[in-house]
Amino acid sequence: MQKIIVSWFFDMFYTEGDWVMKAFWNSLFIAFFLMPCGINLPSPFFIVSMGFGMAIVLKDRKKFVFEPALLLFPLYFILMCIGLIYSENLHSGMDLVQRSLSLLLFPIIFMFVKEDAATVRRLFDFLLAGLLVSFCINFFSATLSFVSHILENTAGMGIFPIFDLAMDEWHRFYLGSALSKSVNPNYISIYILLVLSYYLKDKLVSRDRLAIVMILFLYIFLLASIAAYLILVLMAILLIFDMADKQKKYTSFVIFILGATVFLNNPRVSGFYELLRGIRQNANQEVMILGKAKVLSWDASIKLIGEAPILGYGTGDANDTLFKKYNELGYSFNSENRYNAHNQFFQTYLQIGILGFAILFGIFLLLALRLKNSRHEFSVFLILFISLLVESMLVRFNGIVFFSIVVPLLLKKRSILGGRVIRNTEKVIPLKP
């Protein structure tokens, strides 16, 4: 069994073409595997992949295939560089521009690199493997902390006090950032949803596939991301309406209602509505959890956009201006934690103004048009679009690189979804006997 697993692992890597092409794809594979495991772990492999990708560009210049939609990413990067001109905090701006270099390089690289179904499937497979490893590590670590906490606080007590304490305290160790300490739970949730969209395209015909899907659903439940729950609801509705058999549709709808009830009773989610009702009550900022701080970030961002609707505040000054606005509005919790806009469209508008916002929105408009052909494909669009509505994804290196790889691949005329990956059913990575 061990030999089979080792053989399967090595079969996953890219073996076609010359060593430069192998190094490019295999670096990406390893980076995708490490993304759910640690915020800094995949960064060296993404950088190595960019280096080998540019070597491919210089070596195979005749293989260039022009993709107009991909030019929006370099244009966005150029605007960020221009935004440095009217930034006072050049250090912060330069750091962000350096982290965003993949927005310039990867879209250009993918005009020279021809990916196939098997190669892109491996990206999803490595991401899935990373998610499973991440779940095991996080769950094991949380369990150790939980058991230690129970033993320390129930010494000499009977079984019932131990059980009561466990029922009252479990959510402090297994939900949200308490479970996923090394990577933001919202990022992990995005990865899970993308993998689920891949695995739910076909029937769950094997026990292994069913077990994987169940683990992913458990993981996303424990991560307690409001945005992920919303996306999951929309995906489920799209899948149900896509069913032709009415009996299966009604059965699926009942299962959906039961599942939604379970998810909405998550301890970190059930109080979200009450928090929104008291959004203007800023006296007790310290007890804010979940989405209230984000809503305050959006409120401050909208006010700032109204004050500088054309150019924004500069690539390096957007966050500093936002922190000052928090103090002005009395949003002390956001100011103390130095929260960004928590919405990439607002974040972009604050950085580089209306033109940058238009480019980012244009990317997603083209993506929606490209992925409108089926509900499966459109669910992928929803995952990415809603994720950017609730997170400033293009401020962290891993978020930037992930965006600059996945979205350009989706926008290419030979899309990784258009009948090649999501709807591809042929066996491309067989196990050795």
# chains A, B, ... in the order shown; residues from 1 in each chain; ligands from 1
call {"tool": "closest_atom_pairs", "arguments": {"of": "segment 206-257 of chain A", "to": "segment 129-139 of chain A", "cutoff": "8 Å", "atoms": "only C-alpha atoms", "output": "CSV"}}
result
residue,atom,partner,partner_atom,distance
A:Ile215,CA,A:Leu132,CA,7.9
A:Leu216,CA,A:Leu132,CA,8.0
A:Tyr219,CA,A:Phe135,CA,6.7
call {"tool": "write_last_selection", "arguments": {"atoms": "all heavy atoms", "output": "PDB file, in the first residue's frame"}}
result
ATOM      1  N   ILE A 215     -15.315  15.142   4.107  1.00  0.00           N
ATOM      2  CA  ILE A 215     -14.260  15.827   4.874  1.00  0.00           C
ATOM      3  C   ILE A 215     -14.224  17.309   4.517  1.00  0.00           C
ATOM      4  O   ILE A 215     -14.090  18.183   5.397  1.00  0.00           O
ATOM      5  CB  ILE A 215     -12.891  15.171   4.616  1.00  0.00           C
ATOM      6  CG1 ILE A 215     -12.844  13.773   5.237  1.00  0.00           C
ATOM      7  CG2 ILE A 215     -11.763  16.032   5.187  1.00  0.00           C
ATOM      8  CD1 ILE A 215     -11.602  12.982   4.875  1.00  0.00           C
ATOM      9  N   LEU A 216     -14.352  17.614   3.237  1.00  0.00           N
ATOM     10  CA  LEU A 216     -14.332  19.014   2.817  1.00  0.00           C
ATOM     11  C   LEU A 216     -15.529  19.784   3.370  1.00  0.00           C
ATOM     12  O   LEU A 216     -15.386  20.946   3.778  1.00  0.00           O
ATOM     13  CB  LEU A 216     -14.310  19.098   1.288  1.00  0.00           C
ATOM     14  CG  LEU A 216     -13.049  18.582   0.592  1.00  0.00           C
ATOM     15  CD1 LEU A 216     -13.179  18.703  -0.917  1.00  0.00           C
ATOM     16  CD2 LEU A 216     -11.798  19.318   1.076  1.00  0.00           C
ATOM     17  N   TYR A 219     -14.808  20.394   7.001  1.00  0.00           N
ATOM     18  CA  TYR A 219     -13.784  21.429   7.135  1.00  0.00           C
ATOM     19  C   TYR A 219     -14.392  22.816   6.947  1.00  0.00           C
ATOM     20  O   TYR A 219     -14.131  23.742   7.735  1.00  0.00           O
ATOM     21  CB  TYR A 219     -12.687  21.177   6.100  1.00  0.00           C
ATOM     22  CG  TYR A 219     -11.340  21.797   6.427  1.00  0.00           C
ATOM     23  CD1 TYR A 219     -11.117  22.493   7.612  1.00  0.00           C
ATOM     24  CD2 TYR A 219     -10.273  21.678   5.539  1.00  0.00           C
ATOM     25  CE1 TYR A 219      -9.880  23.051   7.900  1.00  0.00           C
ATOM     26  CE2 TYR A 219      -9.037  22.230   5.811  1.00  0.00           C
ATOM     27  CZ  TYR A 219      -8.842  22.913   6.989  1.00  0.00           C
ATOM     28  OH  TYR A 219      -7.613  23.460   7.267  1.00  0.00           O
TER      29      TYR A 219
END
call {"tool": "closest_atom_pairs", "arguments": {"of": "segment 90-149 of chain A", "to": "segment 387-407 of chain A", "cutoff": "9 Å", "atoms": "only C-alpha atoms", "output": "Markdown table"}}
result
| residue | atom | partner | partner_atom | distance |
| --- | --- | --- | --- | --- |
| A:Leu96 | CA | A:Val395 | CA | 6.7 |
| A:Arg99 | CA | A:Phe397 | CA | 5.3 |
| A:Ser100 | CA | A:Ile400 | CA | 6.2 |
| A:Leu101 | CA | A:Val401 | CA | 8.7 |
| A:Ser102 | CA | A:Val401 | CA | 5.8 |
| A:Leu103 | CA | A:Ser404 | CA | 5.2 |
| A:Leu104 | CA | A:Ser404 | CA | 8.4 |
| A:Leu105 | CA | A:Ser404 | CA | 8.6 |
| A:Phe106 | CA | A:Ser404 | CA | 6.3 |
| A:Pro107 | CA | A:Ser404 | CA | 6.8 |
| A:Phe110 | CA | A:Ile405 | CA | 8.6 |
call {"tool": "closest_atom_pairs", "arguments": {"of": "segment 364-386 of chain A", "to": "segment 180-187 of chain A", "cutoff": "12 Å", "atoms": "only C-alpha atoms", "output": "JSON lines"}}
result
{"residue": "A:Ile383", "atom": "CA", "partner": "A:Tyr187", "partner_atom": "CA", "distance": 11.2}
{"residue": "A:Leu384", "atom": "CA", "partner": "A:Tyr187", "partner_atom": "CA", "distance": 10.9}
{"residue": "A:Ile386", "atom": "CA", "partner": "A:Asn186", "partner_atom": "CA", "distance": 11.2}
call {"tool": "select_by_dssp", "arguments": {"residues": "segment 67-186 of chain A", "states": "helix (DSSP H, G or I)", "output": "PyMOL selection string"}}
result
chain A and resi 68-82+90-99+101-109+117-153+159-169+171-174+176-178+185-186
call {"tool": "residues_around", "arguments": {"residues": "Leu311 of chain A", "least_positions_apart": "4", "cutoff": "7 Å", "atoms": "only C-alpha atoms", "output": "list in words"}}
result
Ile352, Gly353 and Ile354 of chain A
call {"tool": "write_last_selection", "arguments": {"atoms": "N, CA and C atoms", "output": "short mmCIF file (atom, residue, chain, number, x, y, z; two decimals), in the first residue's frame"}}
result
data_model
loop_
_atom_site.label_atom_id
_atom_site.label_comp_id
_atom_site.auth_asym_id
_atom_site.auth_seq_id
_atom_site.Cartn_x
_atom_site.Cartn_y
_atom_site.Cartn_z
N ILE A 352 -6.05 53.02 -6.47
CA ILE A 352 -5.75 53.56 -7.81
C ILE A 352 -6.98 54.13 -8.51
N GLY A 353 -8.05 54.38 -7.77
CA GLY A 353 -9.16 55.14 -8.31
C GLY A 353 -10.09 54.37 -9.23
N ILE A 354 -10.88 55.14 -9.97
CA ILE A 354 -11.97 54.58 -10.76
C ILE A 354 -11.47 53.72 -11.92
#
call {"tool": "residues_around", "arguments": {"residues": "Ile78 of chain A", "least_positions_apart": "3", "cutoff": "10 Å", "atoms": "only C-alpha atoms", "output": "PyMOL selection string"}}
result
chain A and resi 72-75+81-83+97+103-104+356
call {"tool": "write_last_selection", "arguments": {"atoms": "C-alpha atoms", "output": "PDB file, in the first residue's frame"}}
result
ATOM      1  CA  LEU A  72      -5.980  43.510 -18.254  1.00  0.00           C
ATOM      2  CA  PHE A  73      -3.739  42.071 -15.532  1.00  0.00           C
ATOM      3  CA  PRO A  74      -0.511  43.807 -16.668  1.00  0.00           C
ATOM      4  CA  LEU A  75      -2.571  46.995 -17.150  1.00  0.00           C
ATOM      5  CA  CYS A  81       2.956  51.540 -10.337  1.00  0.00           C
ATOM      6  CA  ILE A  82       1.457  54.879 -11.422  1.00  0.00           C
ATOM      7  CA  GLY A  83      -0.300  55.032  -8.050  1.00  0.00           C
ATOM      8  CA  VAL A  97       3.927  46.449  -6.062  1.00  0.00           C
ATOM      9  CA  LEU A 103      -0.100  40.002 -11.970  1.00  0.00           C
ATOM     10  CA  LEU A 104       2.309  41.151 -14.651  1.00  0.00           C
ATOM     11  CA  GLY A 356      -8.351  50.480 -11.509  1.00  0.00           C
TER      12      GLY A 356
END
call {"tool": "closest_residue", "arguments": {"among": "A:Asp164, A:Asp245, A:Glu169, A:Asp125", "to": "Leu196 of chain A", "atoms": "only C-alpha atoms"}}
result
A:Asp125
call {"tool": "residues_around", "arguments": {"residues": "Leu128 of chain A", "least_positions_apart": "4", "cutoff": "8 Å", "atoms": "only C-alpha atoms", "output": "tab-separated table (two decimals) with N, CA, C and O atoms, in the first residue's frame"}}
result
chain	number	residue	atom	x	y	z
A	33	PHE	N	-0.08	22.74	-3.37
A	33	PHE	CA	-0.18	21.79	-2.26
A	33	PHE	C	0.05	22.48	-0.92
A	33	PHE	O	-0.61	22.19	0.08
A	124	PHE	N	-5.59	21.00	-9.32
A	124	PHE	CA	-6.69	20.75	-8.39
A	124	PHE	C	-6.37	19.59	-7.45
A	124	PHE	O	-6.71	19.62	-6.27
A	132	LEU	N	-6.46	18.31	2.52
A	132	LEU	CA	-6.61	17.16	3.40
A	132	LEU	C	-5.51	17.13	4.46
A	132	LEU	O	-5.76	16.85	5.64
A	192	ILE	N	-11.42	25.29	-0.69
A	192	ILE	CA	-12.35	24.15	-0.55
A	192	ILE	C	-13.48	24.25	-1.56
A	192	ILE	O	-13.85	23.27	-2.21
A	195	VAL	N	-12.36	23.30	-5.03
A	195	VAL	CA	-12.18	21.86	-5.14
A	195	VAL	C	-13.54	21.15	-5.16
A	195	VAL	O	-13.75	20.20	-5.92
call {"tool": "closest_residue", "arguments": {"among": "A:Ile109, A:Leu151, A:Leu84, A:Val120", "to": "Gln351 of chain A", "atoms": "only C-alpha atoms"}}
result
A:Leu84
